[in-house]
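**Student:** What follows is the file query08.cif, containing mmCIF, C-alpha atoms and all ligand atoms:
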data_query
loop_
_atom_site.label_atom_id
_atom_site.label_comp_id
_atom_site.auth_asym_id
_atom_site.auth_seq_id
_atom_site.Cartn_x
_atom_site.Cartn_y
_atom_site.Cartn_z
CA THR A 1 -4.51 1.70 -10.00
CA MET A 2 -2.63 -1.53 -9.75
CA LEU A 3 0.81 -0.04 -10.38
CA THR A 4 1.66 2.95 -8.27
CA ALA A 5 4.82 3.70 -10.16
CA SER A 6 7.60 6.04 -9.23
CA MET A 7 8.88 7.95 -12.25
CA ASP A 8 12.14 9.82 -12.64
CA THR A 9 12.47 13.27 -14.22
CA ASN A 10 12.58 11.66 -17.70
CA ASP A 11 9.34 9.72 -17.10
CA PHE A 12 11.05 6.33 -16.78
CA PHE A 13 9.93 3.95 -14.03
CA THR A 14 12.25 3.79 -11.03
CA GLU A 15 13.01 0.62 -9.11
CA ALA A 16 12.22 0.12 -5.42
CA HIS A 17 15.94 0.34 -4.54
CA PRO A 18 18.78 0.73 -7.06
CA LYS A 19 21.07 -1.77 -5.31
CA LEU A 20 18.90 -4.04 -3.16
CA ARG A 21 15.70 -4.29 -5.28
CA PRO A 22 16.77 -3.39 -8.84
CA VAL A 23 13.98 -5.21 -10.74
CA GLU A 24 11.09 -4.53 -8.34
CA SER A 25 8.69 -1.61 -8.47
CA PRO A 26 7.63 -0.07 -5.15
CA THR A 27 4.33 -2.01 -5.50
CA ALA A 28 4.68 -5.57 -4.17
CA GLY A 29 4.42 -8.19 -6.92
CA VAL A 30 5.07 -5.77 -9.80
CA PHE A 31 8.49 -6.09 -11.46
CA LEU A 32 10.36 -3.94 -13.97
CA SER A 33 12.71 -4.79 -16.78
CA GLY A 34 14.00 -3.27 -20.00
CA MET A 35 13.37 0.09 -21.59
CA CYS A 36 10.66 1.16 -19.13
CA GLN A 37 13.53 1.99 -16.74
CA GLY A 38 15.64 3.85 -19.27
CA PRO A 39 17.69 3.17 -22.41
CA LYS A 40 19.34 -0.28 -22.23
CA ASP A 41 21.15 -2.66 -24.52
CA ILE A 42 19.89 -6.16 -25.26
CA PRO A 43 22.19 -8.15 -22.90
CA GLU A 44 21.25 -5.93 -19.97
CA THR A 45 17.54 -6.17 -20.82
CA VAL A 46 17.71 -9.97 -21.14
CA SER A 47 19.52 -10.41 -17.84
CA GLN A 48 17.07 -8.09 -16.13
CA ALA A 49 14.10 -9.99 -17.59
CA SER A 50 15.64 -13.24 -16.33
CA ALA A 51 15.96 -11.72 -12.86
CA CYS A 52 12.27 -10.69 -12.99
CA ALA A 53 11.24 -14.20 -14.05
CA ALA A 54 13.26 -15.70 -11.16
CA LYS A 55 11.58 -13.28 -8.72
CA VAL A 56 8.10 -14.19 -10.01
CA ILE A 57 8.83 -17.94 -9.86
CA GLY A 58 10.07 -17.41 -6.29
CA LEU A 59 6.65 -15.99 -5.45
CA LEU A 60 4.58 -18.56 -7.31
CA VAL A 61 6.29 -21.69 -5.95
CA LYS A 62 5.24 -20.88 -2.41
CA ASP A 63 1.94 -22.21 -1.07
CA LYS A 64 1.68 -19.29 1.31
CA LEU A 65 3.31 -15.87 1.33
CA THR A 66 4.37 -14.14 4.52
CA CYS A 67 3.51 -10.46 4.76
CA ASN A 68 4.54 -7.63 6.99
CA PRO A 69 2.09 -7.76 9.95
CA CYS A 70 2.36 -3.99 10.53
CA VAL A 71 -0.22 -3.00 7.93
CA ALA A 72 -2.89 -0.31 8.00
CA HIS A 73 -6.62 -0.89 8.43
CA SER A 74 -9.59 1.44 8.44
CA ASP A 75 -12.38 1.64 10.99
CA GLU A 76 -15.39 1.46 8.69
CA MET A 77 -17.69 3.14 11.20
CA MET A 78 -15.43 6.21 11.32
CA CYS A 79 -14.42 6.36 7.64
CA ASN A 80 -16.27 8.92 5.49
CA GLY A 81 -14.75 7.84 2.17
CA CYS A 82 -12.93 11.15 1.65
CA SER A 83 -10.02 9.60 -0.36
CA SER A 84 -7.30 11.46 1.57
CA CYS A 85 -5.58 8.19 2.47
CA GLU A 86 -5.68 6.82 -1.08
CA LYS A 87 -4.07 9.99 -2.44
CA VAL A 88 -1.02 9.72 -0.16
CA CYS A 89 -0.45 5.95 -0.30
CA PRO A 90 2.80 5.48 -2.27
CA TYR A 91 2.06 1.79 -2.90
CA GLY A 92 -1.51 1.89 -4.22
CA ALA A 93 -2.72 -0.30 -1.35
CA ILE A 94 -6.00 1.51 -0.69
CA THR A 95 -9.25 1.01 -2.61
CA TYR A 96 -12.87 1.73 -1.75
CA GLN A 97 -15.86 -0.49 -1.18
CA GLU A 98 -19.56 0.30 -1.03
CA LYS A 99 -20.78 -1.25 2.21
CA GLU A 100 -24.22 -1.51 3.75
CA PHE A 101 -24.53 -0.30 7.34
CA ARG A 102 -27.48 -0.85 9.65
CA MET A 103 -28.34 2.40 11.44
CA PRO A 104 -29.69 2.74 15.01
CA ASP A 105 -33.17 3.55 13.63
CA ARG A 106 -33.11 0.18 11.77
CA THR A 107 -32.71 1.78 8.34
CA THR A 108 -29.78 0.78 6.14
CA GLN A 109 -27.28 3.12 4.57
CA ILE A 110 -24.77 2.39 1.81
CA ARG A 111 -21.47 4.16 2.36
CA ARG A 112 -18.12 4.26 0.58
CA VAL A 113 -15.33 3.16 2.90
CA ALA A 114 -11.58 2.71 2.54
CA SER A 115 -10.16 -0.79 2.35
CA VAL A 116 -6.44 -1.65 2.65
CA ASN A 117 -4.95 -4.56 0.71
CA PRO A 118 -2.65 -6.12 3.36
CA ALA A 119 -0.54 -7.86 0.70
CA VAL A 120 0.36 -4.53 -0.90
CA CYS A 121 0.54 -2.25 2.18
CA GLN A 122 4.13 -1.63 3.30
CA GLY A 123 3.20 -0.15 6.68
CA CYS A 124 4.67 3.29 5.97
CA GLY A 125 1.93 5.03 7.98
CA ALA A 126 1.32 7.90 5.53
CA CYS A 127 -2.41 7.16 5.40
CA THR A 128 -2.83 7.29 9.18
CA VAL A 129 -1.38 10.80 9.22
CA ALA A 130 -3.53 11.96 6.30
CA CYS A 131 -6.83 10.62 7.62
CA PRO A 132 -8.83 13.59 8.97
CA SER A 133 -11.27 11.45 10.97
CA GLY A 134 -8.78 9.15 12.72
CA ALA A 135 -10.27 6.13 10.96
CA MET A 136 -6.98 4.76 9.63
CA ASP A 137 -4.63 2.98 12.00
CA LEU A 138 -1.46 0.91 11.72
CA ASN A 139 -1.14 -2.51 13.38
CA GLY A 140 1.62 -2.41 15.98
CA PHE A 141 1.93 1.38 15.77
CA SER A 142 -1.63 2.50 16.47
CA ASN A 143 -2.42 6.16 17.14
CA LYS A 144 -3.17 5.17 20.74
CA GLN A 145 0.20 3.40 21.13
CA ILE A 146 2.13 6.32 19.60
CA MET A 147 0.39 8.82 21.89
CA ALA A 148 1.13 6.61 24.92
CA GLU A 149 4.81 6.61 23.94
CA VAL A 150 4.80 10.40 23.56
CA ASP A 151 3.10 10.77 26.97
CA ALA A 152 5.69 8.47 28.58
CA ILE A 153 8.60 10.40 27.04
CA CYS A 154 7.15 13.76 28.12
CA LYS A 155 6.66 12.74 31.75
S1 LIG B 201 0.50 2.31 5.65
FE1 LIG B 201 1.47 3.22 3.81
S2 LIG B 201 1.47 1.54 2.32
FE2 LIG B 201 -0.01 0.97 3.91
S3 LIG B 201 -1.98 1.70 3.15
FE3 LIG B 201 -1.13 3.31 4.47
S4 LIG B 201 -0.04 4.71 3.07
FE4 LIG B 201 -0.40 2.75 1.96
S1 LIG B 202 -8.65 9.32 4.92
FE1 LIG B 202 -9.74 8.33 6.63
S2 LIG B 202 -11.86 9.00 6.41
FE2 LIG B 202 -10.84 9.43 4.44
S3 LIG B 202 -11.23 7.59 3.19
FE3 LIG B 202 -9.27 7.25 4.22
S4 LIG B 202 -9.79 6.13 6.13
FE4 LIG B 202 -11.68 7.04 5.33
#
Will you turn the file into structure tokens for me?
**Tutor:**
Amino acid sequence: TMLTASMDTNDFFTEAHPKLRPVESPTAGVFLSGMCQGPKDIPETVSQASACAAKVIGLLVKDKLTCNPCVAHSDEMMCNGCSSCEKVCPYGAITYQEKEFRMPDRTTQIRRVASVNPAVCQGCGACTVACPSGAMDLNGFSNKQIMAEVDAICK
């Protein structure tokens, strides 16, 4: 799914942050305006739509976009395509790819492996916790780094 939307108890979309990101959905690059967020009058809807347009123009005028470097990635050799990571990702950053792997006995095997979209990943780390095979890791906060920190604290 492209839009991993947060909904309130009345099934309206909720913004990423009510004060700091009022026209953005939690998914990067997807914006919200108007009645999808709840009942609104026309002036409020128009001003919100203008804010969305300004946000989109702000993205499109740049030649390059800077992203958070602390994003998740999967080790394709360890991933078994179980979907646990995709189910917990609140931003819809994980999809799957069929990839061909060459086996030690020279045969080839096609396997389904997780793939993280670095432009959408927000580095929350939920997928690394959910992954049962330890295939998912977070740049800058790898499982190895976290365990080293825990070891140092417990000394
Ligand atoms: S770190 Fe968070 S946002 Fe990024 S892929 Fe994992 S669950 Fe999704
Ligand atoms: S949870 Fe781990 S093993 Fe399962 S699909 Fe995601 S990365 Fe692969």
**Student:** Could you give me the residues within 10 Å of ligand LIG 201 (chain B), counting all atoms listed in the file, as a ChimeraX atom specification?
**Tutor:** /A:26-27,70-74,85-95,114-131,136-139
**Student:** Do you know which residues are at most 9 Å from region 52-58 of chain A counting all atoms listed in the file, after dropping those on the same chain fewer than 3 positions away, and could you put them as a PyMOL selection string?
**Tutor:** chain A and resi 23-24+29-33+47-49+61-62
**Student:** Would you output that residue set with C-alpha atoms, as a PDB file, in the coordinates of the input?
**Tutor:**
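result_24.pdb, written as the output of this step:
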ATOM      1  CA  VAL A  23      13.980  -5.210 -10.740  1.00  0.00           C
ATOM      2  CA  GLU A  24      11.090  -4.530  -8.340  1.00  0.00           C
ATOM      3  CA  GLY A  29       4.420  -8.190  -6.920  1.00  0.00           C
ATOM      4  CA  VAL A  30       5.070  -5.770  -9.800  1.00  0.00           C
ATOM      5  CA  PHE A  31       8.490  -6.090 -11.460  1.00  0.00           C
ATOM      6  CA  LEU A  32      10.360  -3.940 -13.970  1.00  0.00           C
ATOM      7  CA  SER A  33      12.710  -4.790 -16.780  1.00  0.00           C
ATOM      8  CA  SER A  47      19.520 -10.410 -17.840  1.00  0.00           C
ATOM      9  CA  GLN A  48      17.070  -8.090 -16.130  1.00  0.00           C
ATOM     10  CA  ALA A  49      14.100  -9.990 -17.590  1.00  0.00           C
ATOM     11  CA  VAL A  61       6.290 -21.690  -5.950  1.00  0.00           C
ATOM     12  CA  LYS A  62       5.240 -20.880  -2.410  1.00  0.00           C
TER      13      LYS A  62
END
**Student:** Taking all atoms of ligand LIG 202 (chain B) that the file lists, what box with edges along x, y and z, padded by 5 Å per side, do you get, with centre and edge lengths in Å to one decimal, as lines of an AutoDock Vina configuration file?
**Tutor:**
center_x = -10.3
center_y = 7.8
center_z = 4.9
size_x = 13.2
size_y = 13.3
size_z = 13.4
**Student:** Which distance in Å separates CA of Phe12 (chain A) and CA of Gly34 (chain A), to one decimal?
**Tutor:**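 A separation of 10.5 Å between them.
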**Student:** For a quick check of understanding, using all atoms listed in the file, which of A:Ala51, A:Leu59, A:Val150, A:Cys36 has the smallest distance to Met7 (chain A)?
**Tutor:**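 Looking only at the distances to Met7 (chain A), the closest residue turns out to be A:Cys36.
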**Student:** Could you jot down the CA of Ile153 (chain A) to atom FE3 of ligand LIG 202 (chain B) separation for me, Å, one decimal place?
**Tutor:**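 Distance reported for this atom pair: 29.2 Å.
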**Student:** What is the distance, in Å and to one decimal place, between CA of Ala135 (chain A) and CA of Tyr96 (chain A)?
**Tutor:**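 According to the coordinates, CA of Ala135 (chain A) and CA of Tyr96 (chain A) are separated by 13.7 Å.
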**Student:** For Met78 (chain A), which of A:Lys144, A:Arg112, A:Lys40, A:Arg21 is the closest residue, counting all atoms listed in the file?
**Tutor:** A:Arg112
**Student:** Between A:Ser84, A:Ser50, A:Thr45, A:Ser6, which one has atoms that come closest to ligand LIG 202 (chain B), using all atoms listed in the file?
**Tutor:**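 Of A:Ser84, A:Ser50, A:Thr45, A:Ser6, the one nearest ligand LIG 202 (chain B), counting all atoms listed in the file, is A:Ser84.
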**Student:** For ligand LIG 202 (chain B), which residue among A:Ala148, A:Met103, A:Ile110, A:Cys79 is the nearest when counting all atoms listed in the file?
**Tutor:**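 Among the listed residues, the smallest separation from ligand LIG 202 (chain B) belongs to A:Cys79.
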**Student:** Taking into account only C-alpha atoms and all ligand atoms, which residue in the set A:Gly81, A:Pro104, A:Pro43, A:Gly140 is nearest to ligand LIG 202 (chain B)?
**Tutor:**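 Among A:Gly81, A:Pro104, A:Pro43, A:Gly140, it is A:Gly81 that comes nearest to ligand LIG 202 (chain B).
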**Student:** Which of these, A:Asn143, A:Glu76, A:Glu100, A:Asp105, has the shortest distance to ligand LIG 202 (chain B) once you count all atoms listed in the file?
**Tutor:** A:Glu76
